[in-house]
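**Q** Got run.csv for you, CSV, C-alpha atoms:
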```
chain,number,residue,atom,x,y,z
A,234,MET,CA,-79.9,9.5,-44.4
A,235,VAL,CA,-83.6,9.4,-45.1
A,236,ASP,CA,-84.9,11.5,-47.9
A,237,ALA,CA,-88.0,13.4,-46.6
A,238,ASP,CA,-89.9,16.1,-48.4
A,239,LEU,CA,-90.2,19.3,-46.5
A,240,THR,CA,-93.9,19.5,-47.4
A,241,ASP,CA,-94.5,16.1,-45.8
A,242,LEU,CA,-92.6,17.1,-42.7
A,243,ALA,CA,-94.6,20.3,-42.4
A,244,ALA,CA,-97.9,18.4,-42.9
A,245,PHE,CA,-96.9,16.0,-40.1
A,246,ALA,CA,-95.9,18.8,-37.8
A,247,ALA,CA,-99.3,20.6,-38.4
A,248,VAL,CA,-101.3,17.4,-37.7
A,249,ALA,CA,-99.2,16.6,-34.6
A,250,GLU,CA,-99.8,20.1,-33.3
A,251,GLN,CA,-103.5,20.1,-33.9
A,252,ARG,CA,-104.0,16.4,-33.2
A,253,SER,CA,-106.4,16.4,-36.2
A,254,PHE,CA,-106.0,16.1,-40.0
A,255,ARG,CA,-109.1,18.3,-40.5
A,256,ARG,CA,-108.0,21.1,-38.2
A,257,ALA,CA,-104.5,21.1,-39.6
A,258,ALA,CA,-105.9,21.3,-43.2
A,259,ASN,CA,-108.4,24.0,-42.4
A,260,LEU,CA,-105.7,26.2,-40.8
A,261,ARG,CA,-103.5,25.9,-43.9
A,262,ASN,CA,-106.2,26.0,-46.6
A,263,GLY,CA,-105.7,22.4,-47.6
A,264,SER,CA,-107.6,19.2,-47.6
A,265,ALA,CA,-107.5,16.5,-44.9
A,266,SER,CA,-106.9,13.8,-47.5
A,267,THR,CA,-103.8,15.6,-48.8
A,268,PHE,CA,-102.4,15.9,-45.3
A,269,SER,CA,-103.1,12.2,-44.7
A,270,THR,CA,-101.3,11.3,-47.9
A,271,SER,CA,-98.3,13.4,-46.9
A,272,VAL,CA,-98.1,11.8,-43.4
A,273,ARG,CA,-98.5,8.3,-44.9
A,274,ARG,CA,-95.7,9.0,-47.4
A,275,LEU,CA,-93.4,10.2,-44.6
A,276,GLU,CA,-94.1,7.1,-42.5
A,277,GLU,CA,-93.3,4.9,-45.5
A,278,ARG,CA,-90.0,6.7,-46.1
A,279,LEU,CA,-89.0,6.5,-42.4
A,280,GLY,CA,-90.3,3.0,-42.0
A,281,VAL,CA,-92.1,3.8,-38.7
A,282,ARG,CA,-95.6,4.7,-37.6
A,283,LEU,CA,-95.8,8.3,-36.5
A,284,LEU,CA,-99.5,8.7,-35.7
A,285,HIS,CA,-102.2,6.5,-34.2
A,286,ARG,CA,-105.4,7.2,-36.1
A,287,THR,CA,-108.9,6.4,-35.1
A,288,THR,CA,-112.2,7.8,-36.3
A,289,ARG,CA,-112.3,10.2,-33.3
A,290,SER,CA,-108.7,11.0,-32.5
A,291,VAL,CA,-105.1,11.4,-33.7
A,292,THR,CA,-102.3,10.7,-31.2
A,293,LEU,CA,-98.5,10.5,-31.6
A,294,THR,CA,-96.5,7.3,-31.3
A,295,GLU,CA,-93.2,7.4,-29.4
A,296,ALA,CA,-91.4,7.9,-32.7
A,297,GLY,CA,-93.9,10.6,-33.7
A,298,GLU,CA,-93.3,12.5,-30.4
A,299,GLU,CA,-89.5,12.4,-30.9
A,300,LEU,CA,-89.8,13.6,-34.5
A,301,PHE,CA,-92.3,16.4,-33.6
A,302,ALA,CA,-90.0,17.6,-30.7
A,303,SER,CA,-87.1,18.0,-33.2
A,304,LEU,CA,-89.2,19.4,-36.0
A,305,ARG,CA,-91.0,22.1,-34.2
A,306,PRO,CA,-88.1,24.5,-33.5
A,307,ALA,CA,-86.6,23.7,-36.9
A,308,LEU,CA,-89.7,24.6,-38.8
A,309,ALA,CA,-90.2,27.7,-36.6
A,310,GLU,CA,-86.7,28.9,-37.5
A,311,ILE,CA,-87.5,28.3,-41.2
A,312,GLY,CA,-90.7,30.4,-40.7
A,313,ARG,CA,-88.7,33.2,-39.1
A,314,ALA,CA,-86.1,33.1,-41.9
A,315,LEU,CA,-89.0,33.5,-44.4
A,316,ASP,CA,-90.4,36.3,-42.4
A,317,VAL,CA,-87.0,38.1,-42.6
A,318,VAL,CA,-87.2,38.2,-46.4
A,319,GLY,CA,-91.0,38.3,-46.6
A,320,GLY,CA,-91.4,42.0,-46.3
A,321,SER,CA,-89.7,45.3,-46.5
A,322,VAL,CA,-89.3,48.1,-44.0
A,323,ASP,CA,-91.8,50.2,-45.9
A,324,ALA,CA,-94.5,47.5,-46.3
A,325,PRO,CA,-93.8,44.8,-43.7
A,326,ARG,CA,-95.7,41.6,-43.9
A,327,GLY,CA,-95.6,38.1,-42.4
A,328,THR,CA,-96.6,36.7,-39.0
A,329,LEU,CA,-95.8,38.1,-35.6
A,330,ARG,CA,-96.0,35.2,-33.0
A,331,LEU,CA,-96.2,36.2,-29.4
A,332,ASN,CA,-96.4,34.2,-26.1
A,333,VAL,CA,-97.7,36.3,-23.3
A,334,PRO,CA,-99.1,36.0,-19.8
A,335,VAL,CA,-102.9,35.9,-19.5
A,336,GLY,CA,-102.9,39.2,-17.4
A,337,VAL,CA,-101.0,41.0,-20.1
A,338,SER,CA,-103.3,39.7,-22.8
A,339,GLU,CA,-106.3,41.1,-20.9
A,340,LEU,CA,-104.9,44.4,-19.5
A,341,ILE,CA,-102.3,45.7,-21.9
A,342,LEU,CA,-102.5,44.1,-25.3
A,343,PRO,CA,-106.1,44.7,-26.5
A,344,ALA,CA,-105.7,48.4,-27.3
A,345,LEU,CA,-102.0,48.2,-28.2
A,346,LEU,CA,-102.4,45.4,-30.7
A,347,ALA,CA,-105.5,47.0,-32.2
A,348,ARG,CA,-103.4,50.1,-33.0
A,349,PHE,CA,-100.5,47.9,-34.3
A,350,ALA,CA,-102.9,45.9,-36.6
A,351,MET,CA,-104.3,49.1,-38.0
A,352,ARG,CA,-100.8,50.5,-38.6
A,353,TYR,CA,-99.5,47.3,-40.3
A,354,PRO,CA,-102.5,45.6,-42.0
A,355,GLU,CA,-100.2,43.1,-43.9
A,356,ILE,CA,-98.8,41.6,-40.6
A,357,ARG,CA,-100.7,38.7,-39.2
A,358,VAL,CA,-100.7,38.7,-35.4
A,359,ASP,CA,-100.8,35.4,-33.6
A,360,VAL,CA,-101.0,35.6,-29.8
A,361,THR,CA,-100.9,32.7,-27.3
A,362,ALA,CA,-101.9,33.7,-23.7
A,363,ASP,CA,-100.1,31.3,-21.4
A,364,ASP,CA,-98.8,31.5,-17.8
A,365,SER,CA,-96.5,28.5,-18.0
A,366,PHE,CA,-93.4,30.4,-19.1
A,367,VAL,CA,-92.5,28.3,-22.1
A,368,ASP,CA,-89.3,28.4,-24.1
A,369,ILE,CA,-90.3,30.9,-26.8
A,370,LEU,CA,-87.9,29.6,-29.4
A,371,ALA,CA,-88.7,26.0,-29.0
A,372,GLY,CA,-92.4,26.9,-29.0
A,373,GLY,CA,-92.0,28.7,-32.4
A,374,PHE,CA,-92.7,32.2,-31.1
A,375,ASP,CA,-90.9,35.3,-32.2
A,376,ALA,CA,-91.1,37.0,-28.8
A,377,GLY,CA,-92.6,36.7,-25.4
A,378,ILE,CA,-93.8,39.1,-22.7
A,379,ARG,CA,-92.7,38.7,-19.1
A,380,TYR,CA,-92.0,40.7,-16.0
A,381,ASP,CA,-88.4,41.3,-15.1
A,382,GLU,CA,-88.1,38.5,-12.5
A,383,ARG,CA,-89.1,36.0,-15.2
A,384,LEU,CA,-86.9,37.3,-18.1
A,385,GLU,CA,-84.7,34.6,-19.6
A,386,GLN,CA,-81.0,35.2,-19.9
A,387,ASP,CA,-79.3,36.2,-23.2
A,388,MET,CA,-82.5,37.9,-24.3
A,389,ILE,CA,-83.1,41.4,-25.6
A,390,ALA,CA,-85.9,43.2,-23.5
A,391,VAL,CA,-88.0,46.2,-24.6
A,392,PRO,CA,-90.5,47.8,-22.2
A,393,ILE,CA,-94.2,47.3,-23.1
A,394,GLY,CA,-97.2,48.8,-21.4
A,395,PRO,CA,-97.2,50.8,-18.1
A,396,ARG,CA,-93.9,50.9,-16.4
A,397,HIS,CA,-95.3,50.4,-12.9
A,398,ASP,CA,-98.2,48.6,-11.3
A,399,ARG,CA,-99.4,47.8,-7.8
A,400,TYR,CA,-100.5,44.6,-6.1
A,401,VAL,CA,-103.5,45.6,-4.0
A,402,THR,CA,-106.1,43.9,-1.8
A,403,VAL,CA,-109.8,44.7,-2.1
A,404,ALA,CA,-113.2,43.6,-0.8
A,405,SER,CA,-116.7,44.8,-1.2
A,406,PRO,CA,-118.1,47.3,1.4
A,407,ASP,CA,-120.7,44.6,2.4
A,408,TYR,CA,-118.0,42.0,3.1
A,409,LEU,CA,-116.0,44.4,5.2
A,410,ALA,CA,-119.1,45.4,7.2
A,411,ARG,CA,-119.8,41.8,8.0
A,412,HIS,CA,-116.3,40.5,8.6
A,413,GLY,CA,-114.3,43.6,9.6
A,414,VAL,CA,-111.3,45.4,8.0
A,415,PRO,CA,-107.9,43.6,8.1
A,416,LYS,CA,-105.3,45.9,9.6
A,417,HIS,CA,-102.3,43.6,9.1
A,418,PRO,CA,-101.4,41.0,6.4
A,419,HIS,CA,-101.6,38.3,9.1
A,420,ASP,CA,-105.2,39.2,9.7
A,421,LEU,CA,-106.0,37.8,6.2
A,422,LEU,CA,-105.6,34.2,7.6
A,423,ARG,CA,-108.8,34.7,9.5
A,424,HIS,CA,-110.7,36.0,6.5
A,425,ARG,CA,-112.3,34.5,3.4
A,426,ALA,CA,-110.4,34.8,0.2
A,427,VAL,CA,-111.2,34.8,-3.5
A,428,ARG,CA,-108.2,33.2,-5.2
A,429,HIS,CA,-106.9,33.0,-8.7
A,430,ARG,CA,-105.7,29.6,-9.9
A,431,PHE,CA,-103.1,29.4,-12.7
A,432,ALA,CA,-103.2,26.8,-15.5
A,433,SER,CA,-100.7,24.7,-13.5
A,434,GLY,CA,-103.2,24.4,-10.7
A,435,ARG,CA,-101.1,26.6,-8.4
A,436,MET,CA,-102.5,29.6,-6.5
A,437,GLY,CA,-100.1,32.5,-6.1
A,438,GLU,CA,-99.3,33.7,-2.6
A,439,TRP,CA,-100.1,37.2,-1.5
A,440,GLU,CA,-97.0,39.4,-0.8
A,441,TYR,CA,-96.9,42.5,1.2
A,442,GLU,CA,-94.1,45.0,2.1
A,443,LYS,CA,-93.8,47.9,4.5
A,444,ASP,CA,-90.8,49.6,6.0
A,445,GLY,CA,-88.4,47.0,4.7
A,446,GLU,CA,-90.5,44.1,6.0
A,447,THR,CA,-91.9,41.5,3.6
A,448,ILE,CA,-94.8,39.2,4.5
A,449,ILE,CA,-96.1,36.4,2.4
A,450,VAL,CA,-99.4,34.9,3.2
A,451,SER,CA,-101.7,32.3,1.7
A,452,PRO,CA,-105.2,33.1,3.0
A,453,PRO,CA,-107.9,30.4,3.0
A,454,ALA,CA,-109.6,30.1,-0.3
A,455,HIS,CA,-113.4,30.1,-0.3
A,456,PHE,CA,-113.8,30.8,-4.0
A,457,VAL,CA,-111.3,29.6,-6.6
A,458,THR,CA,-111.3,30.2,-10.4
A,459,ASN,CA,-108.9,30.8,-13.3
A,460,ARG,CA,-111.4,33.2,-14.9
A,461,MET,CA,-111.0,36.8,-13.9
A,462,PRO,CA,-114.6,37.9,-14.7
A,463,LEU,CA,-115.9,35.2,-12.3
A,464,LEU,CA,-113.4,36.2,-9.6
A,465,LEU,CA,-114.2,40.0,-9.8
A,466,ALA,CA,-117.9,39.3,-9.7
A,467,ALA,CA,-117.4,37.1,-6.5
A,468,VAL,CA,-115.5,40.0,-4.9
A,469,GLU,CA,-118.2,42.5,-5.7
A,470,ALA,CA,-120.9,40.1,-4.4
A,471,GLY,CA,-119.1,40.0,-1.0
A,472,VAL,CA,-117.7,36.5,-1.1
A,473,GLY,CA,-114.3,37.5,0.1
A,474,LEU,CA,-111.1,39.5,-0.2
A,475,PHE,CA,-108.9,39.5,-3.4
A,476,GLY,CA,-105.3,40.3,-3.9
A,477,GLY,CA,-104.1,41.1,-7.4
A,478,PHE,CA,-103.0,43.7,-10.0
A,479,GLU,CA,-104.5,47.1,-9.4
A,480,ALA,CA,-105.5,47.4,-13.1
A,481,TYR,CA,-108.0,44.6,-12.6
A,482,VAL,CA,-109.8,46.2,-9.7
A,483,ALA,CA,-109.5,49.9,-10.5
A,484,PRO,CA,-113.0,50.0,-12.2
A,485,GLY,CA,-114.6,48.4,-9.2
A,486,ILE,CA,-112.9,50.8,-6.8
A,487,ALA,CA,-114.1,53.7,-9.0
A,488,ARG,CA,-117.7,52.4,-9.0
A,489,GLY,CA,-117.6,51.9,-5.2
A,490,THR,CA,-118.2,48.2,-5.4
A,491,MET,CA,-114.7,47.4,-4.1
A,492,VAL,CA,-112.7,49.0,-1.4
A,493,GLU,CA,-108.9,48.8,-1.0
A,494,VAL,CA,-107.5,47.5,2.3
A,495,LEU,CA,-104.0,47.3,3.6
A,496,ALA,CA,-103.0,50.1,1.2
A,497,ASP,CA,-99.9,50.9,3.3
A,498,TRP,CA,-98.7,47.3,2.7
A,499,SER,CA,-99.3,47.2,-1.1
A,500,THR,CA,-96.3,46.3,-3.2
A,501,ARG,CA,-95.2,48.1,-6.4
A,502,PHE,CA,-93.5,46.3,-9.3
A,503,SER,CA,-92.1,47.2,-12.6
A,504,GLY,CA,-94.1,46.7,-15.8
A,505,PRO,CA,-93.6,43.9,-18.3
A,506,PHE,CA,-91.1,43.6,-21.2
A,507,LEU,CA,-91.2,42.2,-24.7
A,508,TYR,CA,-88.2,39.8,-24.9
A,509,PHE,CA,-86.7,38.0,-27.9
A,510,ALA,CA,-83.4,36.4,-28.9
A,511,GLY,CA,-80.7,38.7,-30.2
A,512,ARG,CA,-80.4,37.7,-33.9
A,513,ARG,CA,-78.5,39.6,-36.6
A,514,LEU,CA,-81.5,39.3,-38.9
A,515,MET,CA,-84.7,40.1,-37.0
A,516,PRO,CA,-88.0,38.9,-38.7
A,517,VAL,CA,-89.6,41.9,-40.3
A,518,PRO,CA,-92.9,41.6,-38.3
A,519,LEU,CA,-91.0,41.6,-35.0
A,520,ARG,CA,-88.8,44.5,-36.1
A,521,ALA,CA,-92.0,46.5,-37.0
A,522,PHE,CA,-93.5,45.7,-33.6
A,523,VAL,CA,-90.4,46.7,-31.7
A,524,ASN,CA,-90.2,50.0,-33.6
A,525,PHE,CA,-93.9,50.5,-32.9
A,526,LEU,CA,-93.4,50.0,-29.2
A,527,ARG,CA,-90.6,52.5,-29.1
A,528,GLU,CA,-92.7,55.1,-31.0
A,529,GLU,CA,-95.5,54.5,-28.5
A,530,ALA,CA,-93.2,55.0,-25.6
A,531,SER,CA,-91.8,58.3,-27.0
A,532,HIS,CA,-95.4,59.7,-27.3
A,533,SER,CA,-96.4,58.7,-23.8
```
Taking this structure as input, can you express it in the form of structure tokens?
**A**
Amino acid sequence: MVDADLTDLAAFAAVAEQRSFRRAANLRNGSASTFSTSVRRLEERLGVRLLHRTTRSVTLTEAGEELFASLRPALAEIGRALDVVGGSVDAPRGTLRLNVPVGVSELILPALLARFAMRYPEIRVDVTADDSFVDILAGGFDAGIRYDERLEQDMIAVPIGPRHDRYVTVASPDYLARHGVPKHPHDLLRHRAVRHRFASGRMGEWEYEKDGETIIVSPPAHFVTNRMPLLLAAVEAGVGLFGGFEAYVAPGIARGTMVEVLADWSTRFSGPFLYFAGRRLMPVPLRAFVNFLREEASHS
């Protein structure tokens, strides 16, 4: 068994995650030279090279990839264990690590997390917005936020945010005057569409439902982006139709720069959930957040 100092292992994991000695050191209030020494010492003890270093980049060797894959969940669990004892119910402190969909980070969390941060100033909130549905435990997160069809098995789920939303289709008045108003989802195939692209490169299909009939279409994309401000601006400019969460387009509808179409085909879906592993000892920051959500729900 190789004797390796936990500090050296943590330094290696930090550098591997950031792909930079300087960034890893800055995030942990250390020095790049100290982190370099720790990684070199670990490599000497293991007898293998873990990192390829150049003046411009740091990359993992095959051995480094294997070690990092094993270390990441282990160090995350150690961090959660420290968070459990790192605060009390009366004065919680520590770090709350969340993995959330981009839409939730834009529509639901800003005001919610601002209130939570003011309520618990000693808790550090660390949010990663990601649509790739990662394994939250392997990724070192305390909890994730997903919609019910994406919830993982054997997880505890707590409602967060509005309990219902609608998937709607909109266009600008100018676009509809030039191209006509679609009366049926199949009409969208003859229209121009503004489409959202996920980080994976995939564009989500548009789903409609009426009187028990479900129709899924993929209208031709004439404007594609992964940035919602660009997408909404294109819709208001008359580039094409857009299908998405009602919360994104509600301001445009209120201003009159967007008009809903196919309203009788719009689909409703349940709101998101905070989900986390059922552990006997929940980290103090996560427990504080769950209690906060339940208080918010009781006042709504």
**Q** My list of candidates is A:Val333, A:Val494, A:Leu526, A:Ala347. Which is closest to His417 in chain A when distances are computed with all atoms listed in the file?
**A** A:Val494
**Q** Can I get the residues of range 265-383 of chain A within 9 Å of range 250-258 of chain A, each with the closest pair of atoms and their distance in Å to one decimal, using all atoms listed in the file, sorted chain first then ascending number, as CSV?
**A**
```
residue,atom,partner,partner_atom,distance
A:Ala265,CA,A:Arg255,CA,5.0
A:Ser266,CA,A:Phe254,CA,7.9
A:Thr267,CA,A:Ala258,CA,8.3
A:Phe268,CA,A:Phe254,CA,6.4
A:Ser269,CA,A:Phe254,CA,6.8
A:Ser290,CA,A:Ser253,CA,6.9
A:Val291,CA,A:Arg252,CA,5.1
A:Thr292,CA,A:Arg252,CA,6.3
A:Leu293,CA,A:Arg252,CA,8.2
A:Phe301,CA,A:Glu250,CA,8.4
```
**Q** So, counting only C-alpha atoms, which residue among A:Ala467, A:Leu300, A:Ala246, A:Ala344 is closest to Val281 in chain A?
**A**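 Nearest to Val281 in chain A: A:Leu300.
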**Q** Pick from A:Ser264, A:Leu507, A:Val523, A:Ser365: nearest to Ser433 in chain A, with only C-alpha atoms counted?
**A**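 The closest residue to Ser433 in chain A is A:Ser365.
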**Q** Quick one, how far is CA of Leu370 in chain A from CA of Glu528 in chain A?
**A**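 Between these atoms lies a distance of 26.0 Å.
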**Q** Need to verify the contact set: Arg435 in chain A, 12 Å, all atoms listed in the file, exclusion of same-chain residues closer than 2 positions in sequence. Can you return it as a CSV table (one decimal) with C-alpha atoms, in the coordinates of the input?
**A**
```csv
chain,number,residue,atom,x,y,z
A,364,ASP,CA,-98.8,31.5,-17.8
A,365,SER,CA,-96.5,28.5,-18.0
A,428,ARG,CA,-108.2,33.2,-5.2
A,429,HIS,CA,-106.9,33.0,-8.7
A,430,ARG,CA,-105.7,29.6,-9.9
A,431,PHE,CA,-103.1,29.4,-12.7
A,432,ALA,CA,-103.2,26.8,-15.5
A,433,SER,CA,-100.7,24.7,-13.5
A,437,GLY,CA,-100.1,32.5,-6.1
A,438,GLU,CA,-99.3,33.7,-2.6
A,451,SER,CA,-101.7,32.3,1.7
A,457,VAL,CA,-111.3,29.6,-6.6
A,458,THR,CA,-111.3,30.2,-10.4
A,459,ASN,CA,-108.9,30.8,-13.3
```
**Q** Counting all atoms listed in the file, which residue out of A:Ala466, A:Val414, A:Leu421, A:Ala247 sits closest to Val492 in chain A?
**A**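 Smallest distance to Val492 in chain A is found for A:Val414.
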**Q** Give me, please, the distance in Å between CA of Asn524 in chain A and CA of Phe349 in chain A, quoted to one decimal.
**A** 10.5 Å
**Q** Give the answer as one residue: which of A:Val272, A:Arg501, A:Phe522, A:Ser531 has the shortest atom-to-atom distance to Arg286 in chain A, using all atoms listed in the file?
**A**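 Looking only at the distances to Arg286 in chain A, the closest residue turns out to be A:Val272.
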**Q** Given all atoms listed in the file as the basis, pick out the residue of A:Ile449, A:Val482, A:Ile393, A:Val403 nearest to Pro462 in chain A.
**A** A:Val482
**Q** With a distance cut-off of 10 Å and only C-alpha atoms, select the neighbouring residues of Asp238 in chain A, excluding the residue or stretch itself and same-chain residues fewer than 2 positions from it, and output the selection as a list of chain:residue names.
**A**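 Here the qualifying residues turn out to be A:Val235, A:Asp236, A:Thr240, A:Asp241, A:Leu242, A:Ala243, A:Ala244, A:Ser271, A:Arg274, A:Leu275, A:Arg278.
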**Q** Any idea what's packed within 8 Å of Ile389 in chain A, counting only C-alpha atoms, ignoring anything in its chain fewer than 2 positions away? Could you give it as JSON, numbers by chain?
**A** {"A": [387, 391, 508, 509, 510, 511]}
**Q** Can you tell me how far CA of Leu465 in chain A sits from CA of Tyr481 in chain A, in Å to one decimal?
**A**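 Between these atoms lies a distance of 8.2 Å.
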**Q** Hey, what's within 9 Å of Pro354 in chain A if we count only C-alpha atoms and toss same-chain stuff fewer than 4 positions away? As a list in words, please?
**A**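 So the residues in contact are Pro325, Arg326, Phe349 and Ala350 of chain A.
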**Q** Using all atoms listed in the file, which residues sit within 12 Å of Tyr353 in chain A once same-chain residues fewer than 2 positions away are excluded, as a ChimeraX atom specification?
**A** /A:320-329,346-351,355-358,517-522,524-525
